[in-house]
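Colleague: What follows is a structure written as structure tokens; I'll ask about it next.
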Amino acid sequence: MNSDVISEYTHAKKIFIVVSLKGGVAKSTTASSIAYWLASKRFNYRIGLWDMDITSPSIPKILKMQGMELEFAPNGKLAAMQFNRNLSVMSVDFFLPSSDQPIVFDESKKKTHMIQFLKSVEFGECDIFVFDTPPTTSPELLTILNLFPPKNISLVIVSQPGDASSNAAKKSIKHLKATGLPISGIICTMNGHTCKNCGTYDPIFPNPVSIEDMAKKYGIPYLGDVELGTVIQHSLRPPVYEYKYFKKVLNNLVNNKPVKFKPMSTDIPLFKKAMIVKSMDRNLNKMLKKKKTRPVKVKKKRM
């Protein structure tokens, strides 16, 4: 673990790390909503929101902060951007010359960039940090998880009730349980839609999977669900989830204790050097050895 980075965040009461294995599940909207409402007068926490998806950042777009100019703090570090009195934000997006500028990183240097980025920003005193992570179980996520005091970390998993997303969530749960880090629970997004005119509820996905039942099966808390169309529809406010639809999730995050699991060995599947990958390599090698090459017979043309 990197002690220099850890020391910057030891004063925080909690570090919520919002994760998903699959993209497109409204993870960034969920992370933004958590930070936005916990910083509001209803909770009045001092929040630091980190957009750690360094190749596809979206937090500034959601919070309508794109185009803001970076400034330096008195200690020489970059000052986190102020959304309001209680909410500070940092993202690679603030460094881009335009909103449509693509970001390409050398994968071998991404870990170094991430650590340097975390070291270079001053948030001041924060009660809670919220991290929006890239959708993955790759070394990027492991890098983030290994940079902070385990006792402060609380993992928040996001999934849709669709078949593909829920299957990815199962893998994500297994992976995160293997780390031994505390898990706050799982949030179900896009959980159907209720018509505001007639009150009729319609599922978005055919044969939706019960994320609540899945949470029970894997022994993690179910934080709540959010329906489609429940974000704030106002030109001057960010499109985060409306409080009345999101308050159950927020209260569970703040009041419930995360669950802990026994960390698994680094030699087992789903953690660091996964045996699954090694097994795939062995099976592929066996298949290649068994494959017999036959000489190709060339037919002679008749004269």
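Ordered as shown in the structure tokens, chains take letters A, B, and onward, while each chain numbers its residues from 1 and ligands are numbered from 1 in the order shown.
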Considering only C-alpha atoms, return as a ChimeraX atom specification whatever protein or nucleic-acid residues lie within 9 Å of Lys77 in chain A, sequence-local ones (same chain, fewer than 4 positions apart) excluded.

Modeller: /A:71-73,119-122

Colleague: So that each row is one residue of range 128-218 of chain A with an atom at most 12 Å from range 104-118 of chain A, can you give its shortest atom pair and the distance in Å to one decimal, using only C-alpha atoms, rows by chain and rising number, as JSON lines?

Modeller:
```
{"residue": "A:Phe131", "atom": "CA", "partner": "A:Leu118", "partner_atom": "CA", "distance": 11.3}
{"residue": "A:Thr133", "atom": "CA", "partner": "A:Met114", "partner_atom": "CA", "distance": 11.4}
{"residue": "A:Ser138", "atom": "CA", "partner": "A:Lys111", "partner_atom": "CA", "distance": 11.1}
{"residue": "A:Pro139", "atom": "CA", "partner": "A:Lys111", "partner_atom": "CA", "distance": 8.1}
{"residue": "A:Glu140", "atom": "CA", "partner": "A:Lys111", "partner_atom": "CA", "distance": 6.6}
{"residue": "A:Leu141", "atom": "CA", "partner": "A:Lys111", "partner_atom": "CA", "distance": 9.7}
{"residue": "A:Leu142", "atom": "CA", "partner": "A:Lys111", "partner_atom": "CA", "distance": 9.8}
{"residue": "A:Thr143", "atom": "CA", "partner": "A:Lys111", "partner_atom": "CA", "distance": 6.8}
{"residue": "A:Ile144", "atom": "CA", "partner": "A:Met114", "partner_atom": "CA", "distance": 8.3}
{"residue": "A:Leu145", "atom": "CA", "partner": "A:Ile115", "partner_atom": "CA", "distance": 11.7}
{"residue": "A:Asn146", "atom": "CA", "partner": "A:Ile115", "partner_atom": "CA", "distance": 10.7}
{"residue": "A:Leu147", "atom": "CA", "partner": "A:Ile115", "partner_atom": "CA", "distance": 8.3}
{"residue": "A:Phe148", "atom": "CA", "partner": "A:Leu118", "partner_atom": "CA", "distance": 10.9}
```

Colleague: For Val254 in chain A, which residue among A:Asn191, A:Ser184, A:Thr10, A:Thr230 is the nearest when counting only C-alpha atoms?

Modeller: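 Checking each candidate against Val254 in chain A, we get A:Ser184 as the closest.
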
Colleague: Among the residues of range 42-96 of chain A, find those DSSP assigns to helix (DSSP H, G or I) from the backbone and print them as an mmCIF file with C-alpha atoms, in the first residue's frame.

Modeller:
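The resulting file, states-v8.cif, is shown below:
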```
data_model
loop_
_atom_site.group_PDB
_atom_site.id
_atom_site.type_symbol
_atom_site.label_atom_id
_atom_site.label_comp_id
_atom_site.auth_asym_id
_atom_site.auth_seq_id
_atom_site.Cartn_x
_atom_site.Cartn_y
_atom_site.Cartn_z
ATOM 1 C CA ILE A 59 -19.150 13.394 -13.165
ATOM 2 C CA PRO A 60 -18.530 17.028 -14.324
ATOM 3 C CA LYS A 61 -21.081 16.520 -17.113
ATOM 4 C CA ILE A 62 -23.693 15.197 -14.667
ATOM 5 C CA VAL A 92 -9.657 14.328 -15.358
ATOM 6 C CA ASP A 93 -12.412 16.052 -17.340
ATOM 7 C CA PHE A 94 -11.372 19.416 -15.837
ATOM 8 C CA PHE A 95 -8.030 19.122 -17.649
#
```

Colleague: Kindly indicate which residue among A:Ala80, A:Ile220, A:Ala178, A:Val249 lies nearest to Met65 in chain A, using only C-alpha atoms for the distances.

Modeller: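 Selected residue with least distance to Met65 in chain A: A:Ala80.
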
Colleague: For Asp163 in chain A, which residue among A:Thr179, A:Thr194, A:Ser33, A:Asn207 is the nearest when counting only C-alpha atoms?

Modeller: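 Of A:Thr179, A:Thr194, A:Ser33, A:Asn207, the one nearest Asp163 in chain A is A:Asn207, counting only C-alpha atoms.
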
Colleague: Using only C-alpha atoms, pick whichever of A:Val130, A:Ala31, A:Ile187, A:Ile15 has the shortest atom-to-atom distance to Pro239 in chain A.

Modeller: A:Ala31

Colleague: DSSP on the backbone, strand (DSSP E) only: what residues of range 25-138 of chain A does that give? Format it as an MDAnalysis selection string.

Modeller: chainID A and resid 47:51 71:72 78:79 81:82 87:91 121:122 128:132

Colleague: So how far away is CA of Glu212 in chain A from CA of Trp50 in chain A, in Å?

Modeller: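 Interatomic distance here is 27.7 Å.
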
Colleague: Just checking: using only C-alpha atoms, which residue out of A:Val231, A:Ile204, A:Met190, A:Ile157 ends up closest to Tyr243 in chain A?

Modeller: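 Smallest separation from Tyr243 in chain A among the options: A:Val231.
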
Colleague: Can you work out the spacing between CA of Asn255 in chain A and CA of Leu223 in chain A in Å, to one decimal?

Modeller: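 We find that CA of Asn255 in chain A and CA of Leu223 in chain A lie 10.9 Å from each other.
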
Colleague: Measuring atom to atom with only C-alpha atoms, identify which of A:Arg85, A:Lys27, A:Lys196, A:Lys248 is nearest to Val156 in chain A.

Modeller: A:Lys27
